[in-house]
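run.cif follows; it contains mmCIF, C-alpha atoms and all ligand atoms.
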```cif
data_input
loop_
_atom_site.label_atom_id
_atom_site.label_comp_id
_atom_site.auth_asym_id
_atom_site.auth_seq_id
_atom_site.Cartn_x
_atom_site.Cartn_y
_atom_site.Cartn_z
CA MET A 1 -9.79 -65.96 -57.88
CA ASP A 2 -9.89 -63.28 -55.12
CA LYS A 3 -8.00 -64.23 -52.03
CA ILE A 4 -10.29 -64.32 -49.02
CA GLY A 5 -10.04 -62.54 -45.67
CA LEU A 6 -10.22 -64.71 -42.57
CA TYR A 7 -11.92 -63.36 -39.46
CA ILE A 8 -11.60 -65.09 -36.10
CA HIS A 9 -14.00 -63.97 -33.38
CA VAL A 10 -12.77 -64.36 -29.82
CA PRO A 11 -15.84 -64.02 -27.59
CA PHE A 12 -14.21 -63.36 -24.22
CA CYS A 13 -13.65 -60.18 -22.21
CA VAL A 14 -12.53 -59.56 -18.65
CA SER A 15 -15.59 -57.36 -18.09
CA LYS A 16 -18.44 -56.01 -20.21
CA CYS A 17 -18.36 -52.37 -21.28
CA PRO A 18 -21.81 -50.79 -20.82
CA TYR A 19 -22.14 -49.67 -24.47
CA CYS A 20 -20.92 -52.88 -26.11
CA ASP A 21 -23.15 -55.03 -28.30
CA PHE A 22 -20.43 -57.39 -29.58
CA TYR A 23 -20.86 -61.02 -28.64
CA SER A 24 -18.56 -61.53 -25.65
CA LEU A 25 -18.72 -63.44 -22.39
CA PRO A 26 -16.75 -63.12 -19.16
CA LEU A 27 -13.60 -65.21 -19.24
CA GLN A 28 -13.81 -67.49 -16.24
CA ASP A 29 -10.74 -69.65 -16.65
CA GLU A 30 -7.84 -70.13 -19.05
CA THR A 31 -8.80 -73.70 -20.02
CA ARG A 32 -11.71 -72.19 -21.99
CA LEU A 33 -9.16 -70.49 -24.23
CA ASP A 34 -7.50 -73.83 -25.01
CA THR A 35 -10.85 -75.48 -25.73
CA TYR A 36 -11.86 -72.56 -27.93
CA THR A 37 -8.56 -72.53 -29.85
CA THR A 38 -8.94 -76.25 -30.59
CA ALA A 39 -12.54 -75.66 -31.79
CA LEU A 40 -11.37 -72.86 -34.10
CA MET A 41 -8.66 -75.07 -35.58
CA ARG A 42 -11.18 -77.83 -36.22
CA CYS A 43 -13.52 -75.28 -37.81
CA MET A 44 -10.70 -74.08 -40.11
CA GLU A 45 -10.06 -77.70 -41.16
CA ASP A 46 -13.77 -78.18 -41.98
CA TRP A 47 -13.75 -75.12 -44.21
CA ALA A 48 -10.48 -76.04 -45.91
CA GLU A 49 -12.08 -79.34 -46.93
CA LYS A 50 -14.99 -77.50 -48.58
CA GLY A 51 -12.94 -75.42 -51.04
CA ASP A 52 -9.52 -74.37 -52.23
CA TRP A 53 -9.50 -70.93 -50.61
CA GLN A 54 -6.34 -68.90 -50.20
CA ALA A 55 -6.29 -66.06 -47.66
CA ASP A 56 -4.20 -62.91 -47.57
CA THR A 57 -5.65 -61.27 -44.45
CA LEU A 58 -6.44 -62.58 -40.98
CA TYR A 59 -8.22 -60.46 -38.40
CA PHE A 60 -8.54 -61.49 -34.75
CA GLY A 61 -11.57 -59.54 -33.46
CA GLY A 62 -13.75 -59.79 -30.45
CA GLY A 63 -14.29 -59.69 -27.60
CA THR A 64 -10.70 -59.37 -26.56
CA PRO A 65 -8.53 -61.60 -28.76
CA SER A 66 -5.33 -60.49 -26.99
CA LEU A 67 -6.55 -62.67 -24.07
CA LEU A 68 -5.55 -65.69 -26.19
CA GLY A 69 -1.89 -65.01 -25.42
CA GLY A 70 1.09 -65.67 -27.67
CA ARG A 71 1.10 -69.47 -27.80
CA ARG A 72 -2.52 -69.82 -28.94
CA LEU A 73 -2.15 -66.99 -31.47
CA GLU A 74 0.91 -68.76 -32.92
CA ARG A 75 -1.08 -71.98 -33.28
CA LEU A 76 -3.96 -70.24 -35.03
CA ILE A 77 -1.75 -68.26 -37.43
CA GLY A 78 0.23 -71.42 -38.21
CA HIS A 79 -2.98 -73.31 -38.93
CA ALA A 80 -4.33 -70.52 -41.14
CA ASP A 81 -1.05 -70.63 -43.04
CA ALA A 82 -1.05 -74.41 -43.45
CA LEU A 83 -4.69 -74.53 -44.62
CA PHE A 84 -5.17 -71.22 -46.45
CA GLY A 85 -1.62 -70.26 -47.53
CA LEU A 86 -1.77 -67.10 -45.41
CA LEU A 87 1.92 -66.35 -44.97
CA ALA A 88 2.77 -67.24 -48.57
CA ALA A 89 0.46 -64.48 -49.84
CA PRO A 90 2.13 -61.29 -51.03
CA ARG A 91 2.02 -58.81 -48.10
CA PRO A 92 -0.33 -60.75 -45.82
CA GLU A 93 -2.05 -58.53 -43.25
CA ILE A 94 -2.57 -60.12 -39.82
CA THR A 95 -4.33 -57.95 -37.23
CA LEU A 96 -4.87 -58.45 -33.51
CA GLU A 97 -7.42 -56.43 -31.55
CA ALA A 98 -6.18 -55.80 -28.04
CA ASN A 99 -7.23 -54.22 -24.78
CA PRO A 100 -4.46 -51.90 -23.53
CA ALA A 101 -5.44 -52.55 -19.89
CA ASP A 102 -3.40 -55.77 -19.95
CA ASP A 103 0.37 -56.22 -20.02
CA LEU A 104 0.80 -57.48 -23.58
CA ALA A 105 4.58 -57.33 -24.11
CA ASP A 106 5.02 -61.12 -24.36
CA THR A 107 1.81 -61.64 -26.35
CA LEU A 108 2.80 -58.99 -28.90
CA ALA A 109 6.33 -60.37 -29.28
CA ALA A 110 4.93 -63.88 -29.95
CA PHE A 111 2.25 -62.51 -32.30
CA ALA A 112 4.85 -60.62 -34.34
CA GLY A 113 7.16 -63.66 -34.31
CA ALA A 114 4.37 -65.77 -35.81
CA GLY A 115 3.83 -63.30 -38.67
CA GLY A 116 1.36 -60.86 -37.07
CA ASN A 117 1.92 -57.33 -38.38
CA ARG A 118 -0.94 -55.10 -37.27
CA LEU A 119 -2.39 -54.14 -33.89
CA SER A 120 -5.78 -52.55 -33.24
CA LEU A 121 -6.12 -50.98 -29.79
CA GLY A 122 -9.29 -49.91 -28.00
CA MET A 123 -7.98 -46.47 -26.99
CA GLN A 124 -11.36 -44.63 -27.19
CA SER A 125 -10.14 -41.41 -25.50
CA VAL A 126 -7.22 -39.95 -23.59
CA CYS A 127 -9.54 -38.11 -21.20
CA GLN A 128 -9.85 -40.05 -17.93
CA GLU A 129 -13.44 -38.89 -17.20
CA GLU A 130 -14.50 -40.11 -20.64
CA LEU A 131 -12.76 -43.47 -20.15
CA SER A 132 -14.36 -43.91 -16.72
CA GLY A 133 -17.77 -43.00 -18.13
CA LEU A 134 -17.34 -45.69 -20.78
CA GLY A 135 -16.48 -48.27 -18.09
CA ARG A 136 -13.09 -48.96 -19.68
CA ARG A 137 -10.51 -50.91 -17.65
CA HIS A 138 -7.53 -48.94 -18.97
CA VAL A 139 -6.06 -45.49 -18.37
CA SER A 140 -4.43 -43.40 -21.04
CA ALA A 141 -0.88 -44.36 -19.98
CA ASP A 142 -1.72 -48.01 -20.74
CA VAL A 143 -2.19 -47.11 -24.40
CA ALA A 144 1.22 -45.41 -24.53
CA ARG A 145 2.85 -48.45 -22.88
CA THR A 146 1.13 -50.94 -25.22
CA ILE A 147 2.08 -48.99 -28.36
CA ALA A 148 5.70 -48.84 -27.13
CA ASP A 149 5.59 -52.63 -26.51
CA ALA A 150 4.17 -53.11 -30.01
CA HIS A 151 6.96 -51.02 -31.57
CA ARG A 152 9.59 -52.99 -29.59
CA ALA A 153 8.07 -56.20 -30.96
CA GLY A 154 8.39 -54.83 -34.52
CA LEU A 155 4.68 -54.02 -34.91
CA ASP A 156 4.77 -50.57 -36.48
CA ASN A 157 1.28 -50.67 -37.94
CA VAL A 158 -0.92 -49.71 -35.00
CA SER A 159 -4.54 -48.64 -35.28
CA VAL A 160 -6.43 -47.01 -32.41
CA ASP A 161 -10.18 -46.75 -31.81
CA MET A 162 -11.55 -43.36 -30.85
CA MET A 163 -15.12 -42.96 -29.66
CA LEU A 164 -17.17 -39.86 -30.45
CA GLY A 165 -20.38 -38.48 -29.00
CA ILE A 166 -19.81 -39.70 -25.45
CA SER A 167 -20.88 -38.11 -22.16
CA GLY A 168 -19.11 -34.86 -21.39
CA GLN A 169 -17.00 -34.93 -24.58
CA THR A 170 -15.92 -31.57 -26.01
CA GLN A 171 -14.18 -30.45 -29.19
CA LYS A 172 -11.13 -29.77 -27.01
CA SER A 173 -11.02 -33.34 -25.68
CA VAL A 174 -11.53 -34.76 -29.19
CA ILE A 175 -8.58 -32.70 -30.46
CA ALA A 176 -6.45 -33.80 -27.49
CA THR A 177 -7.20 -37.48 -28.19
CA ALA A 178 -6.46 -37.13 -31.92
CA ARG A 179 -3.16 -35.35 -31.24
CA GLN A 180 -2.09 -37.91 -28.69
CA ALA A 181 -2.85 -40.78 -31.09
CA ALA A 182 -0.61 -39.13 -33.68
CA ASP A 183 2.13 -38.46 -31.10
CA TRP A 184 2.11 -42.11 -30.06
CA GLY A 185 2.66 -43.10 -33.69
CA ALA A 186 -0.74 -44.57 -34.61
CA THR A 187 -0.82 -45.33 -38.35
CA HIS A 188 -4.60 -45.73 -38.49
CA VAL A 189 -7.57 -44.36 -36.53
CA SER A 190 -11.12 -45.74 -36.36
CA ALA A 191 -13.19 -42.81 -35.08
CA TYR A 192 -16.79 -43.81 -34.68
CA LEU A 193 -19.89 -42.25 -33.15
CA LEU A 194 -21.32 -44.01 -30.12
CA LYS A 195 -24.57 -45.75 -30.98
CA ILE A 196 -26.83 -46.92 -28.18
CA GLU A 197 -27.89 -50.52 -28.77
CA PRO A 198 -31.05 -51.68 -26.99
CA HIS A 199 -29.62 -54.83 -25.39
CA THR A 200 -26.66 -53.13 -23.71
CA LEU A 201 -26.44 -51.60 -20.25
CA TYR A 202 -26.51 -48.16 -21.91
CA GLY A 203 -29.63 -49.24 -23.82
CA LYS A 204 -31.40 -50.08 -20.56
CA CYS A 205 -30.07 -47.11 -18.61
CA PRO A 206 -28.89 -44.44 -21.08
CA PRO A 207 -26.27 -41.93 -19.91
CA PRO A 208 -26.65 -38.21 -20.70
CA LEU A 209 -25.26 -37.87 -24.24
CA PRO A 210 -24.62 -34.93 -26.55
CA ASP A 211 -27.49 -34.24 -28.94
CA ASP A 212 -27.21 -35.07 -32.65
CA ASP A 213 -25.93 -31.61 -33.63
CA ILE A 214 -23.15 -31.68 -31.02
CA ALA A 215 -22.26 -35.27 -31.94
CA ALA A 216 -22.01 -34.20 -35.61
CA THR A 217 -19.69 -31.33 -34.63
CA LEU A 218 -17.50 -33.75 -32.65
CA TYR A 219 -17.33 -36.09 -35.65
CA LEU A 220 -16.36 -33.29 -38.03
CA THR A 221 -13.79 -31.99 -35.52
CA ALA A 222 -12.20 -35.44 -35.23
CA MET A 223 -11.99 -35.90 -39.00
CA GLU A 224 -10.59 -32.42 -39.66
CA THR A 225 -8.04 -32.66 -36.82
CA LEU A 226 -6.84 -36.09 -37.91
CA GLU A 227 -6.51 -34.92 -41.52
CA ARG A 228 -4.43 -31.96 -40.37
CA LEU A 229 -2.22 -34.49 -38.56
CA GLY A 230 -1.57 -36.36 -41.82
CA TYR A 231 -4.26 -39.05 -41.84
CA ARG A 232 -6.58 -39.46 -44.82
CA GLN A 233 -10.22 -40.40 -44.35
CA TYR A 234 -11.07 -43.40 -46.56
CA GLU A 235 -14.30 -44.60 -44.95
CA ILE A 236 -17.09 -43.09 -42.82
CA SER A 237 -15.20 -43.85 -39.60
CA ASN A 238 -11.69 -44.78 -40.73
CA LEU A 239 -8.56 -42.77 -41.48
CA ALA A 240 -5.03 -43.91 -42.23
CA ARG A 241 -1.55 -42.72 -43.00
CA PRO A 242 -0.97 -43.18 -46.77
CA GLY A 243 -0.84 -46.91 -47.60
CA GLN A 244 -1.91 -48.02 -44.10
CA GLU A 245 -5.62 -48.54 -44.80
CA SER A 246 -6.98 -51.77 -43.32
CA ARG A 247 -6.81 -54.26 -46.20
CA HIS A 248 -8.98 -56.72 -44.30
CA ASN A 249 -11.79 -54.24 -43.63
CA LEU A 250 -11.61 -52.96 -47.22
CA LYS A 251 -12.69 -56.45 -48.30
CA TYR A 252 -16.01 -55.88 -46.46
CA TRP A 253 -16.65 -52.57 -48.21
CA ASN A 254 -15.43 -53.72 -51.63
CA GLY A 255 -17.74 -56.75 -51.66
CA GLN A 256 -14.80 -59.18 -51.61
CA PRO A 257 -15.03 -62.63 -50.01
CA TYR A 258 -14.29 -63.32 -46.36
CA LEU A 259 -14.81 -66.21 -44.00
CA GLY A 260 -15.71 -65.59 -40.35
CA LEU A 261 -15.05 -68.25 -37.73
CA GLY A 262 -16.48 -68.36 -34.21
CA PRO A 263 -19.86 -67.52 -32.67
CA ALA A 264 -21.38 -64.34 -34.18
CA ALA A 265 -18.82 -64.29 -37.01
CA SER A 266 -20.23 -63.46 -40.46
CA SER A 267 -19.05 -64.51 -43.91
CA PHE A 268 -19.51 -63.53 -47.53
CA LEU A 269 -18.39 -66.42 -49.65
CA GLN A 270 -19.38 -67.61 -53.12
CA GLY A 271 -22.12 -64.97 -53.24
CA ARG A 272 -23.74 -66.11 -49.96
CA ARG A 273 -23.88 -64.35 -46.61
CA PHE A 274 -24.03 -66.48 -43.49
CA SER A 275 -23.05 -66.29 -39.84
CA TYR A 276 -22.53 -68.50 -36.84
CA PRO A 277 -25.17 -68.08 -34.09
CA ARG A 278 -24.21 -65.99 -31.04
CA ASP A 279 -23.81 -69.15 -29.00
CA LEU A 280 -20.41 -70.28 -27.72
CA THR A 281 -21.68 -73.62 -26.41
CA GLY A 282 -23.25 -74.40 -29.77
CA PHE A 283 -20.07 -73.45 -31.62
CA LEU A 284 -17.96 -75.69 -29.37
CA ALA A 285 -20.42 -78.51 -30.11
CA GLY A 286 -19.90 -78.01 -33.89
CA SER A 287 -22.89 -75.83 -34.86
CA GLN A 288 -23.06 -74.68 -38.49
CA PRO A 289 -23.49 -71.12 -39.77
CA VAL A 290 -26.95 -69.90 -40.76
CA GLU A 291 -27.64 -68.33 -44.17
CA GLU A 292 -28.70 -64.68 -44.05
CA THR A 293 -31.51 -63.95 -46.47
CA ASP A 294 -32.70 -60.45 -47.23
CA THR A 295 -35.25 -60.34 -50.00
CA ASP A 296 -34.96 -56.53 -50.21
CA MET A 297 -31.22 -56.65 -50.68
CA PRO A 298 -29.99 -60.10 -51.76
CA ALA A 299 -26.37 -61.06 -51.04
CA GLY A 300 -24.08 -59.94 -53.85
CA SER A 301 -26.73 -57.68 -55.45
CA ALA A 302 -25.94 -54.31 -57.03
CA GLU A 303 -27.88 -52.55 -54.23
CA GLU A 304 -25.83 -54.26 -51.56
CA TYR A 305 -22.60 -53.39 -53.35
CA ALA A 306 -23.71 -49.74 -53.61
CA LEU A 307 -24.56 -49.64 -49.91
CA LEU A 308 -21.12 -50.94 -48.98
CA ARG A 309 -19.12 -48.84 -51.44
CA LEU A 310 -20.87 -45.63 -50.44
CA ARG A 311 -19.26 -46.01 -47.00
CA LEU A 312 -15.93 -45.27 -48.71
CA THR A 313 -14.74 -41.77 -49.62
CA GLU A 314 -14.02 -43.14 -53.14
CA GLY A 315 -17.72 -43.97 -53.37
CA LEU A 316 -19.49 -45.98 -56.01
CA GLN A 317 -17.29 -45.92 -59.10
CA GLU A 318 -18.63 -46.35 -62.63
CA THR A 319 -15.73 -48.47 -63.91
CA ALA A 320 -15.66 -50.87 -60.95
CA PHE A 321 -19.46 -51.23 -61.02
CA CYS A 322 -19.39 -51.96 -64.77
CA ALA A 323 -16.61 -54.53 -64.35
CA ARG A 324 -18.53 -56.31 -61.60
CA PHE A 325 -22.10 -56.24 -62.95
CA GLY A 326 -21.55 -55.83 -66.71
CA LYS A 327 -23.71 -52.70 -66.91
CA PRO A 328 -23.38 -49.01 -66.02
CA LEU A 329 -24.60 -47.49 -62.78
CA PRO A 330 -28.42 -47.31 -62.94
CA ALA A 331 -29.52 -43.96 -64.37
CA ALA A 332 -32.19 -43.69 -61.64
CA TRP A 333 -29.50 -43.80 -58.92
CA ARG A 334 -27.53 -41.10 -60.68
CA GLN A 335 -30.61 -38.91 -61.13
CA ARG A 336 -31.74 -39.25 -57.52
CA ALA A 337 -28.20 -38.65 -56.22
CA ALA A 338 -27.78 -35.59 -58.47
CA ALA A 339 -31.00 -34.11 -57.07
CA LEU A 340 -29.52 -34.11 -53.55
CA PRO A 341 -27.55 -31.09 -52.20
CA ALA A 342 -23.96 -31.02 -53.49
CA HIS A 343 -22.56 -30.52 -49.99
CA LEU A 344 -23.89 -34.01 -49.16
CA VAL A 345 -23.48 -36.03 -52.38
CA GLN A 346 -21.22 -35.58 -55.39
CA VAL A 347 -22.07 -37.06 -58.76
CA ASP A 348 -19.87 -36.98 -61.87
CA GLU A 349 -18.78 -39.25 -64.72
CA GLN A 350 -16.64 -41.26 -62.29
CA GLY A 351 -19.55 -42.15 -60.04
CA ILE A 352 -21.37 -41.18 -56.84
CA ARG A 353 -19.78 -40.37 -53.49
CA PHE A 354 -20.84 -38.89 -50.17
CA THR A 355 -19.11 -35.90 -48.65
CA ARG A 356 -18.07 -35.89 -45.00
CA GLU A 357 -21.31 -34.09 -44.10
CA GLY A 358 -23.16 -36.61 -46.26
CA PHE A 359 -21.67 -39.46 -44.20
CA LEU A 360 -23.51 -38.08 -41.17
CA LEU A 361 -26.80 -38.65 -43.04
CA SER A 362 -25.77 -41.73 -44.96
CA ASN A 363 -28.76 -43.92 -44.02
CA ALA A 364 -31.26 -41.35 -45.25
CA LEU A 365 -29.22 -40.65 -48.41
CA LEU A 366 -28.92 -44.36 -49.23
CA THR A 367 -32.66 -44.86 -48.79
CA HIS A 368 -33.28 -41.97 -51.16
CA ILE A 369 -30.78 -43.01 -53.84
CA LEU A 370 -31.47 -46.76 -53.81
CA HIS A 371 -35.17 -46.33 -53.01
CA LYS A 372 -34.85 -48.91 -50.21
S1 LIG B 1 -13.51 -54.79 -24.28
FE1 LIG B 1 -14.36 -54.43 -26.34
S2 LIG B 1 -15.49 -56.28 -26.90
FE2 LIG B 1 -15.07 -56.36 -24.65
S3 LIG B 1 -16.93 -55.55 -23.73
FE3 LIG B 1 -15.50 -53.82 -23.94
S4 LIG B 1 -15.98 -52.93 -25.98
FE4 LIG B 1 -16.96 -54.95 -25.89
#
```

Reformat the file's structure so that it appears as structure tokens.
Amino acid sequence: MDKIGLYIHVPFCVSKCPYCDFYSLPLQDETRLDTYTTALMRCMEDWAEKGDWQADTLYFGGGTPSLLGGRRLERLIGHADALFGLLAAPRPEITLEANPADDLADTLAAFAGAGGNRLSLGMQSVCQEELSGLGRRHVSADVARTIADAHRAGLDNVSVDMMLGISGQTQKSVIATARQAADWGATHVSAYLLKIEPHTLYGKCPPPLPDDDIAATLYLTAMETLERLGYRQYEISNLARPGQESRHNLKYWNGQPYLGLGPAASSFLQGRRFSYPRDLTGFLAGSQPVEETDTDMPAGSAEEYALLRLRLTEGLQETAFCARFGKPLPAAWRQRAAALPAHLVQVDEQGIRFTREGFLLSNALLTHILHK
């Protein structure tokens, strides 16, 4: 049986970034963190009673999970180990998302001491005007300090987020950010295009942004620069040094099982997709996750698998598809993909994959190939 990935959502932030659509609330006092940690541990116990799941990845996402501090992270990792055999798994991957604005030296030392081995930092840019425009609390020097603290704690696997297509961004500033990430020793970069979500501050009051053509150029510049610096793109927005791909996030794109805990956390388990409502009060009161039903693309279907796998540079592979569904890739998908320009989609006996330029049009390409 596949080992599962555990995801823990921590829905607190010091302040709300104007572009952010993740479920997060202002942290008013530290006692909320204790209450929330206890609720998460109870939730883990409920799930452990429902099945004999073993986990080999744990991802603390948010929100700002580094606000939990070392002691609460230790308790949660220990509980995940006791209930899901996390630390006994071969090469468990345990990731903490963190905001570099805060002094995290003690938190990172405790996290690493408890078995944590991967840090994901919201760097976004090294250009101060870009950071200010994004409403970030940190300055570039905070990222350097936090990565140095991580290395001192023994956390060598550090991922940084880089945002593309933001106000005033240029190819030069993208290259500067990519180079700095490499100089600081990042092993992994998530470089994603800013998307304006309607319910955010940006959605209500949009800033001046580069047009689609300029945003596409910035994306291609980031990918090419990072590859020249020794990273390999393995997903639309993710690059890694060899062997440092995110094993937890690969479970999402490979259609493997994962269990999400906390308000707004999603799961894919035993062929079902479900998520907890975006409601902290309800979660603390013991609310249950709600099944996600999509009649167009049922959970676990071949179409859903194709949609996820085509995010990866490896693409949709014939052998893996056959092993999973007991049949070859549908001929209609192959024919429709083959009719598309070769600089966007490649089709051969191994399967179907998008090129980097194809990734920029992936929604339209998927609709065409899958006829969705
Ligand atoms: S710190 Fe991260 S999760 Fe919190 S509001 Fe900003 S972008 Fe969203």

Pull the neighbourhood of (-15.8, -67.0, -26.4) for me: all residues within 10 Å in file coordinates, counting all atoms listed in the file, as an NGL selection string.
:A and (9-13 or 23-27 or 32-33 or 35-37 or 62-65 or 262-264 or 278-281 or 283-284)

File of the preceding selection, C-alpha atoms, as a PDB file, in the frame of the given file:
```
ATOM      1  CA  HIS A   9     -14.000 -63.970 -33.380  1.00  0.00           C
ATOM      2  CA  VAL A  10     -12.770 -64.360 -29.820  1.00  0.00           C
ATOM      3  CA  PRO A  11     -15.840 -64.020 -27.590  1.00  0.00           C
ATOM      4  CA  PHE A  12     -14.210 -63.360 -24.220  1.00  0.00           C
ATOM      5  CA  CYS A  13     -13.650 -60.180 -22.210  1.00  0.00           C
ATOM      6  CA  TYR A  23     -20.860 -61.020 -28.640  1.00  0.00           C
ATOM      7  CA  SER A  24     -18.560 -61.530 -25.650  1.00  0.00           C
ATOM      8  CA  LEU A  25     -18.720 -63.440 -22.390  1.00  0.00           C
ATOM      9  CA  PRO A  26     -16.750 -63.120 -19.160  1.00  0.00           C
ATOM     10  CA  LEU A  27     -13.600 -65.210 -19.240  1.00  0.00           C
ATOM     11  CA  ARG A  32     -11.710 -72.190 -21.990  1.00  0.00           C
ATOM     12  CA  LEU A  33      -9.160 -70.490 -24.230  1.00  0.00           C
ATOM     13  CA  THR A  35     -10.850 -75.480 -25.730  1.00  0.00           C
ATOM     14  CA  TYR A  36     -11.860 -72.560 -27.930  1.00  0.00           C
ATOM     15  CA  THR A  37      -8.560 -72.530 -29.850  1.00  0.00           C
ATOM     16  CA  GLY A  62     -13.750 -59.790 -30.450  1.00  0.00           C
ATOM     17  CA  GLY A  63     -14.290 -59.690 -27.600  1.00  0.00           C
ATOM     18  CA  THR A  64     -10.700 -59.370 -26.560  1.00  0.00           C
ATOM     19  CA  PRO A  65      -8.530 -61.600 -28.760  1.00  0.00           C
ATOM     20  CA  GLY A 262     -16.480 -68.360 -34.210  1.00  0.00           C
ATOM     21  CA  PRO A 263     -19.860 -67.520 -32.670  1.00  0.00           C
ATOM     22  CA  ALA A 264     -21.380 -64.340 -34.180  1.00  0.00           C
ATOM     23  CA  ARG A 278     -24.210 -65.990 -31.040  1.00  0.00           C
ATOM     24  CA  ASP A 279     -23.810 -69.150 -29.000  1.00  0.00           C
ATOM     25  CA  LEU A 280     -20.410 -70.280 -27.720  1.00  0.00           C
ATOM     26  CA  THR A 281     -21.680 -73.620 -26.410  1.00  0.00           C
ATOM     27  CA  PHE A 283     -20.070 -73.450 -31.620  1.00  0.00           C
ATOM     28  CA  LEU A 284     -17.960 -75.690 -29.370  1.00  0.00           C
TER      29      LEU A 284
END
```

Return as number ranges by chain the residues of protein, DNA or RNA that approach ligand LIG 1 (chain B) to within 12 Å, with all atoms listed in the file taken into account.
A: 9-27, 60-67, 97-102, 120-124, 131, 134-138, 161-163, 194, 200-201

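Atom pair CA of His151 in chain A / CA of Gly69 in chain A: separated by 17.7 Å.
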
Counting only C-alpha atoms, figure out which residue out of A:Arg273, A:Arg247, A:Lys172, A:Arg152 gets nearest to Tyr234 in chain A.
A:Arg247

Kindly indicate which residue among A:Leu164, A:Leu308, A:Val189, A:Val345 lies nearest to Asp212 in chain A, using all atoms listed in the file for the distances.
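Checking each candidate against Asp212 in chain A, we get A:Leu164 as the closest.
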
What is the CA of Ala338 in chain A-CA of Ile352 in chain A distance in Å, reported with one decimal?
8.7 Å

In Å, with one decimal, what is the gap from CA of Glu74 in chain A to CA of Pro277 in chain A?
26.1 Å

Taking (-17.4, -31.6, -37.8) in the coordinates of the supplied file, I want to know which residues reach to within 12 Å of it, counting all atoms listed in the file; could you give the answer as a PyMOL selection string?
chain A and resi 164-165+170-171+174-175+193+212-227+355-360

Given only C-alpha atoms as the basis, pick out the residue of A:Arg324, A:Arg232, A:Lys50, A:Arg72 nearest to Ser190 in chain A.
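Checking each candidate against Ser190 in chain A, we get A:Arg232 as the closest.
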
Can you pull out every residue within 7 Å of range 291-307 of chain A, counting only C-alpha atoms, but drop anything in the same chain fewer than 6 positions away, and send it as an mmCIF file with C-alpha atoms, in the coordinates of the input?
```cif
data_model
loop_
_atom_site.group_PDB
_atom_site.id
_atom_site.type_symbol
_atom_site.label_atom_id
_atom_site.label_comp_id
_atom_site.auth_asym_id
_atom_site.auth_seq_id
_atom_site.Cartn_x
_atom_site.Cartn_y
_atom_site.Cartn_z
ATOM 1 C CA GLY A 255 -17.740 -56.750 -51.660
ATOM 2 C CA GLY A 271 -22.120 -64.970 -53.240
ATOM 3 C CA ARG A 272 -23.740 -66.110 -49.960
ATOM 4 C CA ARG A 273 -23.880 -64.350 -46.610
ATOM 5 C CA PHE A 274 -24.030 -66.480 -43.490
ATOM 6 C CA SER A 275 -23.050 -66.290 -39.840
ATOM 7 C CA LEU A 316 -19.490 -45.980 -56.010
ATOM 8 C CA LEU A 366 -28.920 -44.360 -49.230
ATOM 9 C CA LEU A 370 -31.470 -46.760 -53.810
#
```

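Distances here use all atoms listed in the file; by that measure, the residue among A:Phe268, A:Leu312, A:Lys204, A:Val158 closest to Arg241 in chain A is A:Val158.
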
Determine the axis-aligned bounding box of all atoms of range 249-254 of chain A present in the file, pad each side by 6 Å, and express its centre and edge lengths in Å to one decimal place as AutoDock Vina command-line options.
```
--center_x -14.1 --center_y -54.5 --center_z -47.6 --size_x 17.0 --size_y 15.9 --size_z 20.0
```

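Among the candidates A:Leu269, A:Leu104, A:Ile166, A:Met41, the residue lying nearest to Ile77 in chain A is A:Met41 (atoms considered: all atoms listed in the file).
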
Would you kindly return, as a VMD selection string, each protein, DNA or RNA residue with an atom no farther than 9 Å from any atom of Gln317 in chain A, considering all atoms listed in the file and excluding same-chain residues fewer than 3 positions away?
chain A and resid 309 314 320 to 322 329 349 to 353

Closest to Asp34 in chain A among A:Leu340, A:Ala55, A:Ala150, A:Leu73, using only C-alpha atoms?
A:Leu73
